[in-house]
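*Asks:* Take a look at entry-v3.txt, compact mmCIF, C-alpha atoms and all ligand atoms:
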```txt
# COMPACT_ATOMS: atom_id res chain seq x y z
CA MET F 1 191.05 -33.84 -97.77
CA THR F 2 188.01 -31.78 -98.69
CA GLU F 3 186.93 -29.38 -96.00
CA LYS F 4 183.63 -29.92 -94.34
CA LYS F 5 181.93 -27.81 -91.73
CA ILE F 6 178.34 -27.62 -90.48
CA THR F 7 176.90 -24.74 -88.48
CA LEU F 8 173.46 -25.04 -86.90
CA THR F 9 171.25 -23.12 -84.55
CA LEU F 10 169.62 -25.33 -81.93
CA ASP F 11 166.50 -23.48 -80.82
CA SER F 12 165.46 -25.91 -78.09
CA GLU F 13 166.61 -28.96 -76.20
CA SER F 14 164.45 -31.14 -78.45
CA GLU F 15 166.39 -29.90 -81.49
CA THR F 16 169.61 -30.89 -79.74
CA GLU F 17 167.99 -34.28 -79.12
CA SER F 18 167.03 -34.74 -82.81
CA LEU F 19 170.50 -33.76 -83.96
CA GLY F 20 172.17 -36.09 -81.45
CA VAL F 21 170.00 -39.05 -82.50
CA ALA F 22 170.89 -38.40 -86.16
CA ILE F 23 174.58 -38.24 -85.27
CA GLY F 24 174.30 -41.53 -83.40
CA LYS F 25 172.64 -43.20 -86.38
CA HIS F 26 175.42 -42.12 -88.73
CA LEU F 27 178.47 -42.87 -86.58
CA GLN F 28 180.80 -45.49 -87.99
CA PRO F 29 183.02 -47.92 -86.04
CA GLY F 30 186.16 -46.33 -84.60
CA MET F 31 185.05 -42.71 -84.99
CA VAL F 32 186.39 -40.16 -82.54
CA ILE F 33 184.33 -37.06 -81.72
CA GLY F 34 185.81 -34.19 -79.73
CA LEU F 35 183.34 -31.94 -77.91
CA CYS F 36 184.20 -28.50 -76.64
CA GLY F 37 182.22 -25.66 -75.10
CA THR F 38 181.70 -24.14 -71.66
CA LEU F 39 179.97 -25.90 -68.74
CA GLY F 40 176.27 -26.17 -69.50
CA SER F 41 176.68 -25.73 -73.25
CA GLY F 42 175.07 -29.14 -73.84
CA LYS F 43 177.96 -31.57 -74.44
CA THR F 44 176.52 -34.23 -72.13
CA ARG F 45 172.97 -33.59 -73.34
CA LEU F 46 174.07 -34.07 -76.95
CA THR F 47 175.95 -37.26 -76.03
CA GLN F 48 172.82 -38.66 -74.37
CA ALA F 49 170.96 -38.19 -77.65
CA ILE F 50 173.86 -39.67 -79.65
CA ALA F 51 173.62 -42.73 -77.38
CA ARG F 52 169.92 -43.05 -78.24
CA GLY F 53 170.85 -42.94 -81.93
CA LEU F 54 173.35 -45.72 -81.24
CA GLU F 55 170.53 -47.79 -79.70
CA ILE F 56 172.05 -47.64 -76.23
CA GLU F 57 169.37 -48.32 -73.62
CA GLN F 58 171.38 -47.65 -70.48
CA PRO F 59 170.99 -44.04 -69.28
CA VAL F 60 174.06 -41.95 -70.12
CA VAL F 61 175.30 -39.91 -67.17
CA SER F 62 177.82 -37.10 -67.01
CA PRO F 63 181.24 -38.76 -66.76
CA THR F 64 182.81 -35.80 -64.96
CA TYR F 65 183.72 -37.82 -61.85
CA THR F 66 184.34 -41.18 -63.48
CA ILE F 67 186.32 -39.78 -66.47
CA CYS F 68 185.27 -42.56 -68.81
CA VAL F 69 182.14 -44.74 -69.12
CA PRO F 70 181.55 -47.55 -71.67
CA TYR F 71 178.09 -48.27 -73.12
CA ALA F 72 176.90 -51.10 -75.37
CA GLY F 73 174.63 -50.41 -78.35
CA ARG F 74 174.73 -50.73 -82.15
CA LEU F 75 178.37 -49.79 -81.59
CA GLN F 76 180.29 -49.70 -78.32
CA LEU F 77 180.46 -46.11 -77.04
CA LEU F 78 183.15 -44.77 -74.76
CA HIS F 79 182.04 -41.48 -73.22
CA MET F 80 184.78 -39.48 -71.63
CA ASP F 81 185.14 -36.14 -69.85
CA ALA F 82 188.57 -34.53 -69.67
CA TYR F 83 187.48 -31.70 -67.37
CA ARG F 84 189.05 -33.14 -64.21
CA ILE F 85 191.93 -35.07 -65.69
CA ALA F 86 195.05 -33.96 -63.85
CA GLN F 87 197.71 -36.39 -65.04
CA ALA F 88 198.68 -37.80 -68.41
CA GLU F 89 198.81 -41.36 -66.98
CA GLU F 90 195.08 -41.24 -66.25
CA VAL F 91 194.45 -41.04 -69.99
CA ASP F 92 197.11 -43.57 -70.99
CA GLU F 93 195.55 -46.17 -68.65
CA LEU F 94 192.33 -46.07 -70.65
CA ALA F 95 193.92 -47.71 -73.72
CA LEU F 96 191.98 -45.40 -76.01
CA PHE F 97 194.00 -46.14 -79.16
CA GLU F 98 193.38 -49.90 -78.85
CA ARG F 99 189.69 -49.42 -78.15
CA VAL F 100 189.21 -47.15 -81.17
CA ASP F 101 191.17 -49.62 -83.32
CA ASP F 102 188.71 -52.27 -82.13
CA GLY F 103 185.82 -50.18 -83.49
CA GLU F 104 184.60 -48.46 -80.35
CA VAL F 105 183.24 -44.93 -80.83
CA LEU F 106 184.94 -42.39 -78.59
CA ILE F 107 183.26 -39.16 -77.53
CA ILE F 108 185.30 -36.81 -75.37
CA GLU F 109 183.95 -33.73 -73.58
CA TRP F 110 186.62 -31.03 -73.18
CA ALA F 111 188.74 -32.89 -75.76
CA ASP F 112 190.70 -29.70 -76.43
CA ARG F 113 192.32 -30.10 -72.98
CA ILE F 114 194.00 -33.43 -73.78
CA GLU F 115 194.13 -33.49 -77.56
CA ALA F 116 197.78 -34.59 -77.66
CA GLN F 117 196.92 -37.81 -75.81
CA LEU F 118 193.92 -38.75 -77.88
CA PRO F 119 193.57 -40.81 -81.06
CA ASP F 120 193.04 -38.56 -84.11
CA ILE F 121 189.75 -36.69 -83.87
CA ASP F 122 187.46 -37.26 -86.88
CA VAL F 123 185.00 -34.50 -86.02
CA TRP F 124 185.27 -31.53 -83.68
CA ILE F 125 182.02 -30.23 -82.27
CA LYS F 126 181.79 -26.88 -80.58
CA MET F 127 178.67 -25.86 -78.67
CA ALA F 128 177.88 -22.52 -77.05
CA PRO F 129 174.85 -21.15 -75.20
CA THR F 130 173.13 -18.29 -77.03
CA SER F 131 170.28 -18.07 -74.46
CA GLU F 132 168.88 -20.34 -71.75
CA GLU F 133 167.21 -22.63 -74.29
CA THR F 134 169.28 -22.10 -77.44
CA ARG F 135 172.71 -23.30 -78.47
CA SER F 136 175.02 -22.74 -81.40
CA PHE F 137 176.51 -25.89 -82.89
CA GLU F 138 179.54 -26.12 -85.12
CA ALA F 139 181.00 -29.36 -86.45
CA GLU F 140 184.23 -29.60 -88.39
CA ALA F 141 185.61 -32.73 -90.04
CA ARG F 142 189.30 -33.54 -89.64
CA SER F 143 189.51 -36.83 -91.55
CA GLU F 144 188.03 -38.46 -94.63
CA LYS F 145 185.76 -40.48 -92.35
CA GLY F 146 184.65 -37.24 -90.72
CA VAL F 147 183.99 -35.58 -94.08
CA SER F 148 181.66 -38.33 -95.30
CA PHE F 149 179.96 -38.43 -91.91
CA LEU F 150 179.25 -34.68 -91.98
CA ALA F 151 178.16 -34.84 -95.61
CA ALA F 152 175.51 -37.43 -94.69
CA LEU F 153 174.45 -35.44 -91.66
CA GLY F 154 174.33 -32.18 -93.61
CA GLN F 155 171.79 -33.65 -96.03
CA LEU F 156 169.40 -34.21 -93.14
CA PHE F 157 169.64 -30.69 -91.82
CA ASN F 158 168.52 -28.26 -94.39
CA GLY F 159 170.09 -24.82 -94.29
CA ASN F 160 170.64 -23.58 -90.79
CA THR F 161 167.98 -25.24 -88.70
CA VAL F 162 167.36 -28.72 -87.38
CA GLN F 163 164.19 -30.04 -88.95
N1 LIG G 1 169.08 -26.39 -76.76
C1 LIG G 1 169.67 -27.03 -75.73
N2 LIG G 1 170.58 -28.00 -75.99
C2 LIG G 1 171.20 -28.67 -74.97
N3 LIG G 1 170.98 -28.43 -73.66
C3 LIG G 1 170.07 -27.47 -73.35
C4 LIG G 1 169.38 -26.74 -74.36
N4 LIG G 1 168.56 -25.85 -73.75
C5 LIG G 1 168.71 -26.02 -72.45
N5 LIG G 1 169.62 -26.99 -72.17
C6 LIG G 1 170.07 -27.38 -70.81
O1 LIG G 1 171.43 -27.04 -70.70
C7 LIG G 1 172.09 -27.98 -69.87
C8 LIG G 1 173.27 -28.59 -70.60
O2 LIG G 1 173.99 -29.33 -69.67
P1 LIG G 1 175.11 -30.37 -70.07
O3 LIG G 1 174.69 -31.12 -71.28
O4 LIG G 1 175.43 -31.15 -68.84
O5 LIG G 1 176.32 -29.40 -70.44
P2 LIG G 1 177.88 -29.72 -70.55
O6 LIG G 1 178.04 -31.20 -70.62
O7 LIG G 1 178.30 -29.01 -71.79
O8 LIG G 1 178.50 -29.12 -69.31
C9 LIG G 1 171.08 -29.02 -69.47
O9 LIG G 1 170.60 -28.71 -68.19
C10 LIG G 1 169.98 -28.86 -70.52
O10 LIG G 1 168.71 -29.20 -69.98
MG MG G 2 179.22 -32.53 -69.49
```
Using structure tokens, write down the structure that the file contains.
*Replies:*
Amino acid sequence: MTEKKITLTLDSESETESLGVAIGKHLQPGMVIGLCGTLGSGKTRLTQAIARGLEIEQPVVSPTYTICVPYAGRLQLLHMDAYRIAQAEEVDELALFERVDDGEVLIIEWADRIEAQLPDIDVWIKMAPTSEETRSFEAEARSEKGVSFLAALGQLFNGNTVQ
């Protein structure tokens, strides 16, 4: 597998929004995206924009208390937050492998906490606050699907800034 990594500086929330919409437009059926980064780094905010790119009209809320929320759009999105997951059975009950096999897109906040129980991650995204309004963004492909996805995305974002 060829390596593929994208690093961007997000200078405002609207840049995060543009990036998320572009991600949503390029996602393919059955892709799994793992998000990591501290509380407030923008994982949910990015997912809301990804949902817009997937043509999801329902407002996307933080799934911290519900663990997992499905949304219908161009593709079915399953938005998950592993922050409060205490037991392995909670994850197994969600039938994630079957749902991804069926073509649903899975986005997991705090995916690094439960990686062993998840279907293979195609792209890891790491976000970090660099000031109140700015975020660093790093995406790394872990599968062929992820590599072609990031290649397409990389062409839209010239150099180091989101246009
Ligand atoms: N450039 C930016 N990108 C994303 N969020 C930003 C940005 N600048 C400020 N914010 C704010 O940071 C917060 C991110 O919260 P959230 O997405 O819930 O974080 P997480 O899900 O990682 O805990 C939101 O209140 C958002 O308005
Ligand atoms: Mg969140």
*Asks:* Determine, counting only C-alpha atoms, which protein, DNA and RNA residues have an atom within 6 Å of an atom of stretch 108-122 of chain F; residues of the same chain fewer than 6 positions away are not included. Present the result as a list in words.
*Replies:*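 Residues near the query, excluding close chain neighbours: Val32, Ile33, Gly34, Leu35, Cys36, Met80, Asp81, Ala82, Tyr83, Phe97, Ala141, Arg142, Ser143 and Gly146 of chain F.
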*Asks:* Neighbours of stretch 101-104 of chain F within 10 Å (only C-alpha atoms; same-chain residues fewer than 2 positions away dropped), as JSON, numbers by chain?
*Replies:* {"F": [28, 29, 30, 31, 32, 70, 71, 72, 75, 76, 77, 78, 96, 97, 98, 99, 106, 107, 119]}
*Asks:* Figure out the distance between atom CA of F:Glu15 and atom C2 of ligand LIG 1 (chain G), please, to one decimal in Å.
*Replies:*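 Calculated distance between atom C2 of ligand LIG 1 (chain G) and atom CA of F:Glu15 is 8.2 Å.
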*Asks:* Rounded to one decimal place, report the atom CA of F:Leu156-atom N1 of ligand LIG 1 (chain G) distance in Å.
*Replies:* 18.2 Å
*Asks:* Just the number, please: distance in Å from atom CA of F:Leu39 to atom CA of F:Ala151, one decimal.
*Replies:* 28.4 Å
*Asks:* Residues at most 9 Å from ligand LIG 1 (chain G), using only C-alpha atoms and all ligand atoms? Could they come as JSON, numbers by chain?
*Replies:* {"F": [9, 10, 11, 12, 13, 14, 15, 16, 17, 35, 36, 37, 38, 39, 40, 41, 42, 43, 44, 45, 46, 47, 48, 61, 62, 64, 81, 109, 110, 127, 128, 129, 131, 132, 133, 134, 135, 136]}
*Asks:* For the selection just defined, write its residues with C-alpha atoms to a file, as a short mmCIF file (atom, residue, chain, number, x, y, z; two decimals), keeping the file's coordinate frame.
*Replies:*
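Generated output (part-v7.cif):
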```cif
data_model
loop_
_atom_site.label_atom_id
_atom_site.label_comp_id
_atom_site.auth_asym_id
_atom_site.auth_seq_id
_atom_site.Cartn_x
_atom_site.Cartn_y
_atom_site.Cartn_z
CA THR F 9 171.25 -23.12 -84.55
CA LEU F 10 169.62 -25.33 -81.93
CA ASP F 11 166.50 -23.48 -80.82
CA SER F 12 165.46 -25.91 -78.09
CA GLU F 13 166.61 -28.96 -76.20
CA SER F 14 164.45 -31.14 -78.45
CA GLU F 15 166.39 -29.90 -81.49
CA THR F 16 169.61 -30.89 -79.74
CA GLU F 17 167.99 -34.28 -79.12
CA LEU F 35 183.34 -31.94 -77.91
CA CYS F 36 184.20 -28.50 -76.64
CA GLY F 37 182.22 -25.66 -75.10
CA THR F 38 181.70 -24.14 -71.66
CA LEU F 39 179.97 -25.90 -68.74
CA GLY F 40 176.27 -26.17 -69.50
CA SER F 41 176.68 -25.73 -73.25
CA GLY F 42 175.07 -29.14 -73.84
CA LYS F 43 177.96 -31.57 -74.44
CA THR F 44 176.52 -34.23 -72.13
CA ARG F 45 172.97 -33.59 -73.34
CA LEU F 46 174.07 -34.07 -76.95
CA THR F 47 175.95 -37.26 -76.03
CA GLN F 48 172.82 -38.66 -74.37
CA VAL F 61 175.30 -39.91 -67.17
CA SER F 62 177.82 -37.10 -67.01
CA THR F 64 182.81 -35.80 -64.96
CA ASP F 81 185.14 -36.14 -69.85
CA GLU F 109 183.95 -33.73 -73.58
CA TRP F 110 186.62 -31.03 -73.18
CA MET F 127 178.67 -25.86 -78.67
CA ALA F 128 177.88 -22.52 -77.05
CA PRO F 129 174.85 -21.15 -75.20
CA SER F 131 170.28 -18.07 -74.46
CA GLU F 132 168.88 -20.34 -71.75
CA GLU F 133 167.21 -22.63 -74.29
CA THR F 134 169.28 -22.10 -77.44
CA ARG F 135 172.71 -23.30 -78.47
CA SER F 136 175.02 -22.74 -81.40
#
```
*Asks:* Ranking F:Val123, F:Val147, F:Val100, F:Ile67 by minimum distance to ligand MG 2 (chain G) and counting only C-alpha atoms and all ligand atoms, which one comes first?
*Replies:*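 When distances to ligand MG 2 (chain G) are compared using only C-alpha atoms and all ligand atoms, the smallest one comes from F:Ile67.
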*Asks:* Tell me which of F:Glu90, F:Glu138, F:Glu144, F:Glu3 sits closest to F:Thr66, counting all atoms listed in the file.
*Replies:*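 Looking at the shortest contact to F:Thr66, the residue is F:Glu90.
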*Asks:* For F:Val21, please output as a list in words all residues within 6 Å (counting all atoms listed in the file; exclusion window: fewer than 2 positions along the same chain).
*Replies:*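 After dropping sequence-adjacent residues, the list is Ser18, Leu19, Ile23, Gly24, Ala49, Ile50, Arg52 and Gly53 of chain F.
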*Asks:* Just to be explicit: take each residue in the selection above, keep C-alpha atoms, and write the result as a PDB file, in the frame of the given file.
*Replies:*
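Wrote again_39.pdb, looks like this:
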```pdb
ATOM      1  CA  SER F  18     167.030 -34.740 -82.810  1.00  0.00           C
ATOM      2  CA  LEU F  19     170.500 -33.760 -83.960  1.00  0.00           C
ATOM      3  CA  ILE F  23     174.580 -38.240 -85.270  1.00  0.00           C
ATOM      4  CA  GLY F  24     174.300 -41.530 -83.400  1.00  0.00           C
ATOM      5  CA  ALA F  49     170.960 -38.190 -77.650  1.00  0.00           C
ATOM      6  CA  ILE F  50     173.860 -39.670 -79.650  1.00  0.00           C
ATOM      7  CA  ARG F  52     169.920 -43.050 -78.240  1.00  0.00           C
ATOM      8  CA  GLY F  53     170.850 -42.940 -81.930  1.00  0.00           C
TER       9      GLY F  53
END
```
*Asks:* So which one's closest to ligand MG 2 (chain G), F:Arg84, F:Lys4, F:Ile56, F:Arg74? Using all atoms listed in the file, please.
*Replies:*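 Closest residue, counting all atoms listed in the file: F:Arg84.
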*Asks:* Of the residues F:Ala86, F:Gly154, F:Ser148, F:Gly73, which is the one nearest to F:Gln58, using all atoms listed in the file?
*Replies:*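 Result for the nearest residue to F:Gln58: F:Gly73.
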*Asks:* Please put the answer as AutoDock Vina command-line options: centre and edge lengths, in Å with one decimal, of a box along x, y and z that encloses all listed atoms of stretch 72-77 of chain F plus 6 Å on each side.
*Replies:*
```
--center_x 177.5 --center_y -48.6 --center_z -78.8 --size_x 17.8 --size_y 17.0 --size_z 18.8
```
*Asks:* In terms of the shortest atom-to-atom distance over all atoms listed in the file, which of F:Glu57, F:His26, F:Tyr65, F:Gly20 is closest to ligand MG 2 (chain G)?
*Replies:*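 Ranked by minimum distance to ligand MG 2 (chain G), first place goes to F:Tyr65.
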*Asks:* Compare F:Leu27, F:His79, F:Ile6, F:Ile125 by their minimum atom-to-atom distance to ligand MG 2 (chain G), counting only C-alpha atoms and all ligand atoms, and give me the closest one.
*Replies:* F:His79
*Asks:* As a compact mmCIF listing (two decimals), keeping the file's coordinate frame, please: stretch 90-109 of chain F completed to N, CA and C atoms.
*Replies:*
```txt
# COMPACT_ATOMS: atom_id res chain seq x y z
N GLU F 90 196.50 -40.90 -66.36
CA GLU F 90 195.08 -41.24 -66.25
C GLU F 90 194.49 -41.55 -67.62
N VAL F 91 194.96 -40.83 -68.64
CA VAL F 91 194.45 -41.04 -69.99
C VAL F 91 195.09 -42.28 -70.60
N ASP F 92 196.40 -42.43 -70.40
CA ASP F 92 197.11 -43.57 -70.99
C ASP F 92 196.52 -44.90 -70.51
N GLU F 93 196.10 -44.94 -69.23
CA GLU F 93 195.55 -46.17 -68.65
C GLU F 93 194.26 -46.63 -69.33
N LEU F 94 193.62 -45.73 -70.05
CA LEU F 94 192.33 -46.07 -70.65
C LEU F 94 192.46 -46.85 -71.96
N ALA F 95 193.67 -46.96 -72.48
CA ALA F 95 193.92 -47.71 -73.72
C ALA F 95 193.02 -47.25 -74.86
N LEU F 96 192.92 -45.95 -75.02
CA LEU F 96 191.98 -45.40 -76.01
C LEU F 96 192.32 -45.80 -77.44
N PHE F 97 193.60 -45.83 -77.78
CA PHE F 97 194.00 -46.14 -79.16
C PHE F 97 193.56 -47.56 -79.52
N GLU F 98 193.78 -48.51 -78.60
CA GLU F 98 193.38 -49.90 -78.85
C GLU F 98 191.87 -50.01 -79.00
N ARG F 99 191.16 -49.31 -78.14
CA ARG F 99 189.69 -49.42 -78.15
C ARG F 99 189.10 -48.85 -79.44
N VAL F 100 189.68 -47.74 -79.91
CA VAL F 100 189.21 -47.15 -81.17
C VAL F 100 189.57 -48.07 -82.34
N ASP F 101 190.77 -48.65 -82.29
CA ASP F 101 191.17 -49.62 -83.32
C ASP F 101 190.20 -50.80 -83.37
N ASP F 102 189.67 -51.16 -82.21
CA ASP F 102 188.71 -52.27 -82.13
C ASP F 102 187.31 -51.88 -82.59
N GLY F 103 187.12 -50.60 -82.95
CA GLY F 103 185.82 -50.18 -83.49
C GLY F 103 184.93 -49.44 -82.52
N GLU F 104 185.42 -49.22 -81.29
CA GLU F 104 184.60 -48.46 -80.35
C GLU F 104 184.54 -47.00 -80.80
N VAL F 105 183.38 -46.36 -80.55
CA VAL F 105 183.24 -44.93 -80.83
C VAL F 105 183.64 -44.18 -79.57
N LEU F 106 184.46 -43.16 -79.75
CA LEU F 106 184.94 -42.39 -78.59
C LEU F 106 184.41 -40.97 -78.67
N ILE F 107 183.74 -40.54 -77.61
CA ILE F 107 183.26 -39.16 -77.53
C ILE F 107 183.88 -38.53 -76.28
N ILE F 108 184.58 -37.43 -76.48
CA ILE F 108 185.30 -36.81 -75.37
C ILE F 108 184.83 -35.38 -75.15
N GLU F 109 184.26 -35.12 -73.95
CA GLU F 109 183.95 -33.73 -73.58
C GLU F 109 185.25 -33.06 -73.15
```
